[in-house]
Amino acid sequence: MNRRKFFDLLVQSLAITGVSAITLAGLFPALLSKKRTIHKVVLGTEEELFSDNSYIIKHIDQQTFIIKKGKDGSIDAFDAACTHAGCPVQWNDSKKSFLCKCHGGVFDANGSPVSGPPKKPLNKVNVMKRNQTQEIILYLDKSHS
């Protein structure tokens with residue numbers, strides 16, 4: 001095969017690939033576009049939520065979240081699904097770490113993996129504290145096609 005024939009085949013292949021991609025995009029637009037919506041959940045006031053504990057567990061839309069209050073008054077929220085296999089994690093207040101009993105995964109207080117099979121940190125959830133009312137608000141990112 002000479003160089004000219006090779007380049008002709010290359011251009012034809014690229015053209016076919018491009019036309020195929022455009023055709024598929026037209027037939028299956030949902031596969032290529034993801035809509036993101038933010039779901040705002042008002043949990044309650046800081047005093048109500050953390051009256052007895054430094055953390056709470058909330059179940060929202062078939063998901064479990066662990067919301068914890070730091071010594072400095074900061075509020076952090078995490079998806080309670082382990083990033084290794086999706087098993088539920090639990091907050092251990094005395095050790096200040098998250099534990100996954102399925103495969104022995106341990107995450108530090110910031111959700112970073114410390115030991116066990118998990119390599120990725122826990123998914124952190126956006127949380128806000130309204131100063132005037134002390135309301136704790138979660139902002140859940142709901143991606144869907």
# chains A, B, ... in the order shown; residues from 1 in each chain; ligands from 1
$ select_by_dssp --residues "chain A" --states "strand (DSSP E)" --output "PyMOL selection string"
chain A and resi 35-45+55-60+63-69+75-79+89-92+97-100+105-107+113-115+124-129+135-144
$ residues_around --residues "Ser94 (chain A)" --least-positions-apart "6" --cutoff "12 Å" --atoms "only C-alpha atoms" --output "PyMOL selection string"
chain A and resi 53-55+109
$ write_last_selection --atoms "C-alpha atoms" --output "compact mmCIF listing (two decimals), in the first residue's frame"
# COMPACT_ATOMS: atom_id res chain seq x y z
CA ASN A 53 -24.62 14.57 69.48
CA SER A 54 -21.78 15.92 67.38
CA TYR A 55 -23.22 14.15 64.33
CA ALA A 109 -12.64 12.93 59.62
$ closest_residue --among "A:Gly18, A:Gly44, A:Gly116, A:Gly111" --to "Asp79 (chain A)" --atoms "only C-alpha atoms"
A:Gly111
$ residues_around --residues "Lys69 (chain A)" --least-positions-apart "2" --cutoff "8 Å" --atoms "only C-alpha atoms" --output "list in words"
Phe50, Ser54, Tyr55, Ile67, Lys71, Gly73, Ser74, Ile75 and Asp76 of chain A
$ closest_residue --among "A:Arg4, A:Lys119, A:Lys124, A:Lys40" --to "Ala80 (chain A)" --atoms "only C-alpha atoms"
A:Lys124
$ atom_distance --atom1 "CA of Ala85 (chain A)" --atom2 "CA of Ile60 (chain A)"
20.1 Å
$ select_by_dssp --residues "region 29-84 of chain A" --states "helix (DSSP H, G or I)" --output "VMD selection string"
chain A and resid 29 to 32 46 to 49
$ write_last_selection --atoms "N, CA and C atoms" --output "PDB file, in the first residue's frame"
ATOM      1  N   PRO A  29     -29.809  11.493  22.177  1.00  0.00           N
ATOM      2  CA  PRO A  29     -29.300  12.703  22.824  1.00  0.00           C
ATOM      3  C   PRO A  29     -29.189  12.561  24.337  1.00  0.00           C
ATOM      4  N   ALA A  30     -30.004  11.722  24.923  1.00  0.00           N
ATOM      5  CA  ALA A  30     -29.968  11.552  26.381  1.00  0.00           C
ATOM      6  C   ALA A  30     -28.649  10.951  26.844  1.00  0.00           C
ATOM      7  N   LEU A  31     -28.003  10.173  25.975  1.00  0.00           N
ATOM      8  CA  LEU A  31     -26.727   9.578  26.350  1.00  0.00           C
ATOM      9  C   LEU A  31     -25.615  10.622  26.439  1.00  0.00           C
ATOM     10  N   LEU A  32     -25.744  11.691  25.673  1.00  0.00           N
ATOM     11  CA  LEU A  32     -24.681  12.677  25.600  1.00  0.00           C
ATOM     12  C   LEU A  32     -24.883  13.866  26.533  1.00  0.00           C
ATOM     13  N   GLU A  46     -29.275  24.360  63.921  1.00  0.00           N
ATOM     14  CA  GLU A  46     -28.100  23.711  64.500  1.00  0.00           C
ATOM     15  C   GLU A  46     -28.412  23.199  65.913  1.00  0.00           C
ATOM     16  N   GLU A  47     -29.130  23.981  66.665  1.00  0.00           N
ATOM     17  CA  GLU A  47     -29.488  23.590  68.046  1.00  0.00           C
ATOM     18  C   GLU A  47     -30.358  22.334  68.063  1.00  0.00           C
ATOM     19  N   GLU A  48     -31.336  22.260  67.149  1.00  0.00           N
ATOM     20  CA  GLU A  48     -32.204  21.080  67.065  1.00  0.00           C
ATOM     21  C   GLU A  48     -31.423  19.834  66.651  1.00  0.00           C
ATOM     22  N   LEU A  49     -30.565  20.000  65.652  1.00  0.00           N
ATOM     23  CA  LEU A  49     -29.876  18.855  65.069  1.00  0.00           C
ATOM     24  C   LEU A  49     -28.777  18.294  65.953  1.00  0.00           C
TER      25      LEU A  49
END
$ decode --residues "region 50-71 of chain A" --atoms "N, CA, C and O atoms" --output "PDB file, in the first residue's frame"
ATOM      1  N   PHE A  50     -28.041  19.162  66.609  1.00  0.00           N
ATOM      2  CA  PHE A  50     -26.870  18.722  67.356  1.00  0.00           C
ATOM      3  C   PHE A  50     -27.026  18.941  68.862  1.00  0.00           C
ATOM      4  O   PHE A  50     -26.054  19.181  69.557  1.00  0.00           O
ATOM      5  N   SER A  51     -28.252  18.819  69.367  1.00  0.00           N
ATOM      6  CA  SER A  51     -28.472  19.063  70.795  1.00  0.00           C
ATOM      7  C   SER A  51     -27.782  18.011  71.663  1.00  0.00           C
ATOM      8  O   SER A  51     -27.233  18.338  72.714  1.00  0.00           O
ATOM      9  N   ASP A  52     -27.785  16.759  71.250  1.00  0.00           N
ATOM     10  CA  ASP A  52     -27.204  15.682  72.059  1.00  0.00           C
ATOM     11  C   ASP A  52     -25.940  15.073  71.460  1.00  0.00           C
ATOM     12  O   ASP A  52     -25.189  14.414  72.148  1.00  0.00           O
ATOM     13  N   ASN A  53     -25.726  15.236  70.168  1.00  0.00           N
ATOM     14  CA  ASN A  53     -24.624  14.573  69.482  1.00  0.00           C
ATOM     15  C   ASN A  53     -23.796  15.560  68.674  1.00  0.00           C
ATOM     16  O   ASN A  53     -24.244  16.666  68.381  1.00  0.00           O
ATOM     17  N   SER A  54     -22.618  15.110  68.272  1.00  0.00           N
ATOM     18  CA  SER A  54     -21.783  15.917  67.383  1.00  0.00           C
ATOM     19  C   SER A  54     -22.017  15.534  65.926  1.00  0.00           C
ATOM     20  O   SER A  54     -21.411  16.107  65.031  1.00  0.00           O
ATOM     21  N   TYR A  55     -22.903  14.564  65.698  1.00  0.00           N
ATOM     22  CA  TYR A  55     -23.222  14.150  64.326  1.00  0.00           C
ATOM     23  C   TYR A  55     -24.651  13.643  64.259  1.00  0.00           C
ATOM     24  O   TYR A  55     -25.242  13.265  65.281  1.00  0.00           O
ATOM     25  N   ILE A  56     -25.208  13.646  63.049  1.00  0.00           N
ATOM     26  CA  ILE A  56     -26.536  13.074  62.819  1.00  0.00           C
ATOM     27  C   ILE A  56     -26.485  12.254  61.537  1.00  0.00           C
ATOM     28  O   ILE A  56     -25.592  12.427  60.707  1.00  0.00           O
ATOM     29  N   ILE A  57     -27.453  11.375  61.399  1.00  0.00           N
ATOM     30  CA  ILE A  57     -27.609  10.569  60.189  1.00  0.00           C
ATOM     31  C   ILE A  57     -28.969  10.915  59.609  1.00  0.00           C
ATOM     32  O   ILE A  57     -29.977  10.895  60.313  1.00  0.00           O
ATOM     33  N   LYS A  58     -28.989  11.277  58.321  1.00  0.00           N
ATOM     34  CA  LYS A  58     -30.237  11.634  57.654  1.00  0.00           C
ATOM     35  C   LYS A  58     -30.428  10.766  56.422  1.00  0.00           C
ATOM     36  O   LYS A  58     -29.499  10.518  55.669  1.00  0.00           O
ATOM     37  N   HIS A  59     -31.657  10.305  56.226  1.00  0.00           N
ATOM     38  CA  HIS A  59     -32.036   9.521  55.047  1.00  0.00           C
ATOM     39  C   HIS A  59     -32.880  10.424  54.149  1.00  0.00           C
ATOM     40  O   HIS A  59     -33.941  10.874  54.568  1.00  0.00           O
ATOM     41  N   ILE A  60     -32.373  10.696  52.946  1.00  0.00           N
ATOM     42  CA  ILE A  60     -33.062  11.578  52.013  1.00  0.00           C
ATOM     43  C   ILE A  60     -33.054  10.913  50.641  1.00  0.00           C
ATOM     44  O   ILE A  60     -31.987  10.597  50.104  1.00  0.00           O
ATOM     45  N   ASP A  61     -34.232  10.726  50.066  1.00  0.00           N
ATOM     46  CA  ASP A  61     -34.353  10.162  48.714  1.00  0.00           C
ATOM     47  C   ASP A  61     -33.535   8.884  48.544  1.00  0.00           C
ATOM     48  O   ASP A  61     -32.733   8.768  47.620  1.00  0.00           O
ATOM     49  N   GLN A  62     -33.701   7.945  49.407  1.00  0.00           N
ATOM     50  CA  GLN A  62     -33.039   6.641  49.356  1.00  0.00           C
ATOM     51  C   GLN A  62     -31.516   6.731  49.468  1.00  0.00           C
ATOM     52  O   GLN A  62     -30.803   5.822  49.061  1.00  0.00           O
ATOM     53  N   GLN A  63     -31.011   7.824  50.007  1.00  0.00           N
ATOM     54  CA  GLN A  63     -29.586   7.974  50.280  1.00  0.00           C
ATOM     55  C   GLN A  63     -29.428   8.294  51.756  1.00  0.00           C
ATOM     56  O   GLN A  63     -30.317   8.879  52.373  1.00  0.00           O
ATOM     57  N   THR A  64     -28.282   7.905  52.295  1.00  0.00           N
ATOM     58  CA  THR A  64     -27.981   8.188  53.691  1.00  0.00           C
ATOM     59  C   THR A  64     -26.813   9.159  53.752  1.00  0.00           C
ATOM     60  O   THR A  64     -25.835   9.005  53.022  1.00  0.00           O
ATOM     61  N   PHE A  65     -26.941  10.138  54.633  1.00  0.00           N
ATOM     62  CA  PHE A  65     -25.913  11.155  54.795  1.00  0.00           C
ATOM     63  C   PHE A  65     -25.505  11.239  56.261  1.00  0.00           C
ATOM     64  O   PHE A  65     -26.331  11.072  57.152  1.00  0.00           O
ATOM     65  N   ILE A  66     -24.223  11.490  56.475  1.00  0.00           N
ATOM     66  CA  ILE A  66     -23.715  11.728  57.821  1.00  0.00           C
ATOM     67  C   ILE A  66     -23.310  13.196  57.871  1.00  0.00           C
ATOM     68  O   ILE A  66     -22.479  13.642  57.081  1.00  0.00           O
ATOM     69  N   ILE A  67     -23.935  13.926  58.790  1.00  0.00           N
ATOM     70  CA  ILE A  67     -23.639  15.346  58.951  1.00  0.00           C
ATOM     71  C   ILE A  67     -23.009  15.499  60.320  1.00  0.00           C
ATOM     72  O   ILE A  67     -23.581  15.071  61.327  1.00  0.00           O
ATOM     73  N   LYS A  68     -21.813  16.083  60.367  1.00  0.00           N
ATOM     74  CA  LYS A  68     -21.109  16.184  61.646  1.00  0.00           C
ATOM     75  C   LYS A  68     -20.652  17.604  61.903  1.00  0.00           C
ATOM     76  O   LYS A  68     -20.380  18.368  60.981  1.00  0.00           O
ATOM     77  N   LYS A  69     -20.601  17.914  63.179  1.00  0.00           N
ATOM     78  CA  LYS A  69     -20.199  19.244  63.606  1.00  0.00           C
ATOM     79  C   LYS A  69     -18.788  19.162  64.170  1.00  0.00           C
ATOM     80  O   LYS A  69     -18.486  18.340  65.023  1.00  0.00           O
ATOM     81  N   GLY A  70     -17.919  20.039  63.664  1.00  0.00           N
ATOM     82  CA  GLY A  70     -16.546  20.081  64.150  1.00  0.00           C
ATOM     83  C   GLY A  70     -16.433  20.890  65.429  1.00  0.00           C
ATOM     84  O   GLY A  70     -17.342  21.644  65.801  1.00  0.00           O
ATOM     85  N   LYS A  71     -15.311  20.740  66.103  1.00  0.00           N
ATOM     86  CA  LYS A  71     -15.077  21.488  67.339  1.00  0.00           C
ATOM     87  C   LYS A  71     -15.065  22.992  67.096  1.00  0.00           C
ATOM     88  O   LYS A  71     -15.400  23.768  67.971  1.00  0.00           O
TER      89      LYS A  71
END
